[in-house]
Amino acid sequence: MTSFLLKHRLTRSDVRLILAYWAVVAPVLLLQYISDTGWSWWRVLPVVMVTVLFDTTTVAVIVGQFLPLFLERKHWSRLGQVPVFLLLSGGLYLIVYGSLLGHRIDLSGMRIVLGAVAHAKSYGLLAVLLTAKRYFDLQQKLLQVRQAQTESELRNLKAQLDPHFLFNNLNVLRALIQHDPAEANEYLNRFAALYRFLIRYKDEDFVPLTEELRFVEEYIYLLRHRFGTAYDFRQTLPENVDLDRLLVVPGTLQLLVENAIKHNAGNDDAPLLITIDVTENTLTVTHPRRPKLTAVDSTGTGLANLRERYRLLGNREIAVTDTAATFAVMVPLVAAARAYSAA
């Protein structure tokens with residue numbers, strides 16, 4: 001969960017907070033330096049600008065680099081860098097302001113410690129504000145992830161218990177039992193495998209792409225028994241790529257294939273071709289646009305839910321191409337080493 005904090009660059013909202021902070025504090029510093037030094041404002045202004053730059057850089061390093069170390073036990077060995085950084089900032093504080101204000105530069109041990117304390121007083125409030133904001137942002141993201149996971153679990157549960165889905169497949173199974181018991185046994189095995197996948201991965205954020213492809217094969221097998229040759233499927237997989245190292249949100253392919261069949265007509269004379277293309281970085285499902293004559297009731301929540309899960313879990317975006325002739329959805333593949341657990 002702490003992966004949201006492990007971002008070394010400032011976000012746009014961080015920058016807005018910093019700008020708002022200095023918009024209030026910088027004029028006060030300007031007046032304070034004028035009062036302390038007796039200099040004119042134009043002579044003091046560079047000192048204020050250096051303060052803004054110096055303090056902001058220090059806070060960015062502390063919040064972006066060192067704060068996550070306190071939250072990840074495996075990085076605790078690196079916490080020794082913190083006092084070293086603080087002492088270096090204290091020494092730099094003495095050098096910078098000694099040069100700017102014409103003070104004698106004393107880099108003795110005690111003076112460096114006092115410089116670190118004085119510098120901490122200078123940037124302390126900004127560090128507290130930025131840390132509090134990061135914590136608030138983290139809590140908001142965690143709530144959004146949990147909400148998306150809950151909605152996805154409810155949708156998956158509904159799919160598992162969808163009476164229409166069960167009814168249609170049980171009808172196919174009954175017909176097979178009467179006319180081809182051997183094929184009925186195979187159909188039942190594929191049907192059971194599909195549900196085993198749903199149960200096994202219902203609590204996972206990501207699954208290996210090989211598992212997702214295996215799952216959609218079972219799903220396509222059921223569809224072919226139901227629709228015959230009205231829908232055709234084609235896969236293109238990259239060579240020399242370890243598909244086990246590529247991850248995808250579970251149920252992605254089922255949703256995209258299901259949407260294609262739900263909204264587009266196919267027939268034995270002119271099958272609707274649904275293509276599944278895999279590259280090292282993306283998974284794309286493409287099909288011609290062939291709307292059914294009878295309008296299909298749809299809330300559009302399935303694709304929206306999938307889009308939100310990718311955005312929250314991997315900070316990735318789904319790309320939808322919708323033209324008069326073609327509809328395609330491209331989802332990002334996540335490398336196993338880069339995926340994180342939301343547990």
# chains A, B, ... in the order shown; residues from 1 in each chain; ligands from 1
call {"tool": "select_by_dssp", "arguments": {"residues": "range 20-209 of chain A", "states": "alpha helix (DSSP H)", "output": "MDAnalysis selection string"}}
result
chainID A and resid 20:37 41:61 67:71 81:101 109:161 163:179 181:200 209
call {"tool": "residues_around", "arguments": {"residues": "Arg290 in chain A", "least_positions_apart": "6", "cutoff": "10 Å", "atoms": "only C-alpha atoms", "output": "list in words"}}
result
Ala260, Ile261, His263, Asn264, Ala265, Gly266, Leu272, Ala324, Ala325, Thr326 and Phe327 of chain A
call {"tool": "write_last_selection", "arguments": {"atoms": "N, CA and C atoms", "output": "PDB file, in the first residue's frame"}}
result
ATOM      1  N   ALA A 260     -17.722  -7.655 -26.878  1.00  0.00           N
ATOM      2  CA  ALA A 260     -17.735  -7.742 -28.341  1.00  0.00           C
ATOM      3  C   ALA A 260     -18.933  -8.561 -28.820  1.00  0.00           C
ATOM      4  N   ILE A 261     -19.200  -9.685 -28.169  1.00  0.00           N
ATOM      5  CA  ILE A 261     -20.312 -10.552 -28.573  1.00  0.00           C
ATOM      6  C   ILE A 261     -21.656  -9.943 -28.188  1.00  0.00           C
ATOM      7  N   HIS A 263     -22.538  -6.822 -28.089  1.00  0.00           N
ATOM      8  CA  HIS A 263     -22.956  -5.646 -28.856  1.00  0.00           C
ATOM      9  C   HIS A 263     -22.858  -5.826 -30.370  1.00  0.00           C
ATOM     10  N   ASN A 264     -22.264  -6.930 -30.835  1.00  0.00           N
ATOM     11  CA  ASN A 264     -22.027  -7.093 -32.272  1.00  0.00           C
ATOM     12  C   ASN A 264     -22.582  -8.423 -32.775  1.00  0.00           C
ATOM     13  N   ALA A 265     -23.157  -8.368 -33.949  1.00  0.00           N
ATOM     14  CA  ALA A 265     -23.784  -9.546 -34.533  1.00  0.00           C
ATOM     15  C   ALA A 265     -22.767 -10.369 -35.319  1.00  0.00           C
ATOM     16  N   GLY A 266     -22.936 -11.676 -35.255  1.00  0.00           N
ATOM     17  CA  GLY A 266     -22.132 -12.595 -36.045  1.00  0.00           C
ATOM     18  C   GLY A 266     -23.026 -13.684 -36.599  1.00  0.00           C
ATOM     19  N   LEU A 272     -18.001 -12.884 -37.065  1.00  0.00           N
ATOM     20  CA  LEU A 272     -17.347 -11.687 -36.534  1.00  0.00           C
ATOM     21  C   LEU A 272     -15.977 -12.103 -35.987  1.00  0.00           C
ATOM     22  N   ALA A 324     -16.018   4.035 -37.068  1.00  0.00           N
ATOM     23  CA  ALA A 324     -17.206   3.503 -37.722  1.00  0.00           C
ATOM     24  C   ALA A 324     -17.021   2.048 -38.131  1.00  0.00           C
ATOM     25  N   ALA A 325     -15.775   1.626 -38.340  1.00  0.00           N
ATOM     26  CA  ALA A 325     -15.524   0.268 -38.831  1.00  0.00           C
ATOM     27  C   ALA A 325     -14.979  -0.677 -37.774  1.00  0.00           C
ATOM     28  N   THR A 326     -14.286  -0.140 -36.770  1.00  0.00           N
ATOM     29  CA  THR A 326     -13.547  -0.996 -35.830  1.00  0.00           C
ATOM     30  C   THR A 326     -13.694  -0.493 -34.402  1.00  0.00           C
ATOM     31  N   PHE A 327     -13.685  -1.459 -33.493  1.00  0.00           N
ATOM     32  CA  PHE A 327     -13.646  -1.135 -32.067  1.00  0.00           C
ATOM     33  C   PHE A 327     -12.485  -1.923 -31.460  1.00  0.00           C
TER      34      PHE A 327
END
call {"tool": "closest_residue", "arguments": {"among": "A:Pro288, A:Gly251, A:Gly228, A:Pro27", "to": "Phe206 in chain A", "atoms": "only C-alpha atoms"}}
result
A:Gly251
call {"tool": "atom_distance", "arguments": {"atom1": "CA of Asp232 in chain A", "atom2": "CA of Arg316 in chain A"}}
result
29.5 Å
call {"tool": "residues_around", "arguments": {"residues": "Leu333 in chain A", "least_positions_apart": "4", "cutoff": "7 Å", "atoms": "only C-alpha atoms", "output": "ChimeraX atom specification"}}
result
/A:246-248,281-283
call {"tool": "atom_distance", "arguments": {"atom1": "CA of Ile199 in chain A", "atom2": "CA of Phe215 in chain A"}}
result
12.0 Å
call {"tool": "residues_around", "arguments": {"residues": "range 49-57 of chain A", "least_positions_apart": "5", "cutoff": "9 Å", "atoms": "only C-alpha atoms", "output": "short mmCIF file (atom, residue, chain, number, x, y, z; two decimals) with N, CA and C atoms, in the first residue's frame"}}
result
data_model
loop_
_atom_site.label_atom_id
_atom_site.label_comp_id
_atom_site.auth_asym_id
_atom_site.auth_seq_id
_atom_site.Cartn_x
_atom_site.Cartn_y
_atom_site.Cartn_z
N ILE A 18 3.26 23.82 -2.63
CA ILE A 18 4.52 24.53 -2.40
C ILE A 18 4.41 25.98 -2.86
N TRP A 22 4.82 29.28 -0.39
CA TRP A 22 5.79 30.37 -0.56
C TRP A 22 5.12 31.70 -0.90
N ALA A 26 7.10 33.80 1.60
CA ALA A 26 8.19 34.57 0.99
C ALA A 26 8.11 36.07 1.31
N LEU A 29 9.38 36.54 4.78
CA LEU A 29 10.83 36.41 4.85
C LEU A 29 11.51 37.67 4.33
N VAL A 44 17.92 42.14 -0.73
CA VAL A 44 17.48 41.00 0.08
C VAL A 44 16.77 39.95 -0.78
N ILE A 62 13.60 14.97 1.44
CA ILE A 62 13.16 14.32 2.68
C ILE A 62 11.85 13.57 2.49
N TYR A 93 23.94 25.02 4.64
CA TYR A 93 23.20 26.18 5.15
C TYR A 93 24.16 27.26 5.64
N VAL A 96 26.05 28.79 2.48
CA VAL A 96 25.20 29.60 1.61
C VAL A 96 24.85 30.93 2.27
N TYR A 97 24.33 30.86 3.50
CA TYR A 97 23.88 32.10 4.13
C TYR A 97 25.04 32.93 4.66
N HIS A 119 18.46 25.20 9.88
CA HIS A 119 17.86 24.92 8.57
C HIS A 119 16.54 24.17 8.73
N ALA A 120 16.49 23.21 9.68
CA ALA A 120 15.26 22.46 9.93
C ALA A 120 14.12 23.38 10.33
N SER A 122 13.79 26.35 9.31
CA SER A 122 13.42 27.11 8.11
C SER A 122 12.46 26.32 7.22
N TYR A 123 12.75 25.02 7.02
CA TYR A 123 11.92 24.23 6.11
C TYR A 123 10.91 23.34 6.83
N GLY A 124 10.91 23.35 8.16
CA GLY A 124 10.09 22.41 8.93
C GLY A 124 8.61 22.47 8.62
N LEU A 126 7.04 23.61 5.96
CA LEU A 126 6.76 23.12 4.61
C LEU A 126 6.82 21.60 4.57
N ALA A 127 7.81 21.00 5.25
CA ALA A 127 7.92 19.55 5.30
C ALA A 127 6.71 18.91 5.95
#
call {"tool": "residues_around", "arguments": {"residues": "Glu186 in chain A", "least_positions_apart": "4", "cutoff": "12 Å", "atoms": "only C-alpha atoms", "output": "list in words"}}
result
Leu173, Leu176, Ile177, Asp180, Pro181, Ala182, Arg190, Phe191, Ala192, Ala193, Glu218, Tyr221, Leu222 and His225 of chain A
call {"tool": "atom_distance", "arguments": {"atom1": "CA of Leu170 in chain A", "atom2": "CA of Leu223 in chain A"}}
result
12.5 Å
call {"tool": "select_by_dssp", "arguments": {"residues": "range 153-253 of chain A", "states": "strand (DSSP E or B)", "output": "list in words"}}
result
Val207, Pro208, Tyr231, Asp232, Phe233, Arg234, Gln235, Thr236, Leu246, Leu247 and Val248 of chain A
call {"tool": "write_last_selection", "arguments": {"atoms": "N, CA, C and O atoms", "output": "PDB file, in the first residue's frame"}}
result
ATOM      1  N   VAL A 207      -2.912 -11.186 -12.461  1.00  0.00           N
ATOM      2  CA  VAL A 207      -2.638 -12.597 -12.717  1.00  0.00           C
ATOM      3  C   VAL A 207      -1.660 -12.681 -13.884  1.00  0.00           C
ATOM      4  O   VAL A 207      -1.598 -11.766 -14.720  1.00  0.00           O
ATOM      5  N   PRO A 208      -0.878 -13.758 -13.972  1.00  0.00           N
ATOM      6  CA  PRO A 208       0.007 -13.919 -15.132  1.00  0.00           C
ATOM      7  C   PRO A 208      -0.811 -13.975 -16.418  1.00  0.00           C
ATOM      8  O   PRO A 208      -1.903 -14.534 -16.459  1.00  0.00           O
ATOM      9  N   TYR A 231     -18.949 -16.521 -34.412  1.00  0.00           N
ATOM     10  CA  TYR A 231     -17.850 -15.674 -33.940  1.00  0.00           C
ATOM     11  C   TYR A 231     -16.551 -16.442 -34.084  1.00  0.00           C
ATOM     12  O   TYR A 231     -16.457 -17.624 -33.726  1.00  0.00           O
ATOM     13  N   ASP A 232     -15.554 -15.777 -34.609  1.00  0.00           N
ATOM     14  CA  ASP A 232     -14.259 -16.393 -34.812  1.00  0.00           C
ATOM     15  C   ASP A 232     -13.222 -15.659 -33.959  1.00  0.00           C
ATOM     16  O   ASP A 232     -13.360 -14.453 -33.700  1.00  0.00           O
ATOM     17  N   PHE A 233     -12.207 -16.389 -33.539  1.00  0.00           N
ATOM     18  CA  PHE A 233     -11.217 -15.815 -32.628  1.00  0.00           C
ATOM     19  C   PHE A 233      -9.816 -16.106 -33.160  1.00  0.00           C
ATOM     20  O   PHE A 233      -9.540 -17.190 -33.674  1.00  0.00           O
ATOM     21  N   ARG A 234      -8.935 -15.112 -33.005  1.00  0.00           N
ATOM     22  CA  ARG A 234      -7.560 -15.260 -33.450  1.00  0.00           C
ATOM     23  C   ARG A 234      -6.637 -14.609 -32.438  1.00  0.00           C
ATOM     24  O   ARG A 234      -6.924 -13.527 -31.923  1.00  0.00           O
ATOM     25  N   GLN A 235      -5.526 -15.299 -32.144  1.00  0.00           N
ATOM     26  CA  GLN A 235      -4.535 -14.777 -31.204  1.00  0.00           C
ATOM     27  C   GLN A 235      -3.202 -14.582 -31.912  1.00  0.00           C
ATOM     28  O   GLN A 235      -2.795 -15.403 -32.733  1.00  0.00           O
ATOM     29  N   THR A 236      -2.531 -13.505 -31.588  1.00  0.00           N
ATOM     30  CA  THR A 236      -1.155 -13.298 -32.037  1.00  0.00           C
ATOM     31  C   THR A 236      -0.304 -13.020 -30.807  1.00  0.00           C
ATOM     32  O   THR A 236      -0.548 -12.060 -30.075  1.00  0.00           O
ATOM     33  N   LEU A 246       4.476 -11.293 -17.464  1.00  0.00           N
ATOM     34  CA  LEU A 246       3.573 -10.188 -17.774  1.00  0.00           C
ATOM     35  C   LEU A 246       2.255 -10.407 -17.039  1.00  0.00           C
ATOM     36  O   LEU A 246       1.713 -11.509 -17.041  1.00  0.00           O
ATOM     37  N   LEU A 247       1.757  -9.352 -16.424  1.00  0.00           N
ATOM     38  CA  LEU A 247       0.572  -9.459 -15.584  1.00  0.00           C
ATOM     39  C   LEU A 247      -0.569  -8.632 -16.150  1.00  0.00           C
ATOM     40  O   LEU A 247      -0.359  -7.617 -16.819  1.00  0.00           O
ATOM     41  N   VAL A 248      -1.777  -9.084 -15.845  1.00  0.00           N
ATOM     42  CA  VAL A 248      -2.981  -8.426 -16.328  1.00  0.00           C
ATOM     43  C   VAL A 248      -4.037  -8.520 -15.234  1.00  0.00           C
ATOM     44  O   VAL A 248      -4.008  -9.434 -14.397  1.00  0.00           O
TER      45      VAL A 248
END
call {"tool": "closest_residue", "arguments": {"among": "A:Leu188, A:Ile105, A:Val15, A:Ile34", "to": "Val172 in chain A", "atoms": "only C-alpha atoms"}}
result
A:Leu188
call {"tool": "closest_residue", "arguments": {"among": "A:Ala116, A:Pro291, A:Gln32, A:His103", "to": "Leu86 in chain A", "atoms": "only C-alpha atoms"}}
result
A:Ala116
call {"tool": "closest_residue", "arguments": {"among": "A:Leu10, A:Leu92, A:Leu306, A:Val24", "to": "Val61 in chain A", "atoms": "only C-alpha atoms"}}
result
A:Leu10
call {"tool": "decode", "arguments": {"residues": "range 240-253 of chain A", "atoms": "N, CA and C atoms", "output": "compact mmCIF listing (two decimals), in the first residue's frame"}}
result
# COMPACT_ATOMS: atom_id res chain seq x y z
N ASN A 240 9.69 -15.24 -28.09
CA ASN A 240 10.79 -14.99 -27.16
C ASN A 240 10.42 -13.99 -26.06
N VAL A 241 9.16 -14.06 -25.65
CA VAL A 241 8.70 -13.22 -24.53
C VAL A 241 8.10 -14.14 -23.47
N ASP A 242 8.55 -13.99 -22.23
CA ASP A 242 8.05 -14.81 -21.13
C ASP A 242 6.71 -14.25 -20.67
N LEU A 243 5.65 -14.88 -21.11
CA LEU A 243 4.31 -14.39 -20.79
C LEU A 243 3.99 -14.54 -19.30
N ASP A 244 4.70 -15.43 -18.61
CA ASP A 244 4.48 -15.58 -17.17
C ASP A 244 4.95 -14.35 -16.40
N ARG A 245 5.83 -13.55 -17.01
CA ARG A 245 6.35 -12.37 -16.35
C ARG A 245 5.50 -11.13 -16.62
N LEU A 246 4.48 -11.29 -17.46
CA LEU A 246 3.57 -10.19 -17.77
C LEU A 246 2.25 -10.41 -17.04
N LEU A 247 1.76 -9.35 -16.42
CA LEU A 247 0.57 -9.46 -15.58
C LEU A 247 -0.57 -8.63 -16.15
N VAL A 248 -1.78 -9.08 -15.84
CA VAL A 248 -2.98 -8.43 -16.33
C VAL A 248 -4.04 -8.52 -15.23
N VAL A 249 -4.95 -7.58 -15.19
CA VAL A 249 -6.05 -7.65 -14.23
C VAL A 249 -6.93 -8.85 -14.58
N PRO A 250 -7.23 -9.71 -13.62
CA PRO A 250 -7.99 -10.92 -13.93
C PRO A 250 -9.37 -10.61 -14.51
N GLY A 251 -9.75 -11.39 -15.52
CA GLY A 251 -11.05 -11.21 -16.16
C GLY A 251 -11.06 -10.18 -17.26
N THR A 252 -9.89 -9.59 -17.58
CA THR A 252 -9.82 -8.57 -18.62
C THR A 252 -10.31 -9.10 -19.96
N LEU A 253 -9.78 -10.23 -20.38
CA LEU A 253 -10.14 -10.77 -21.69
C LEU A 253 -11.60 -11.22 -21.73
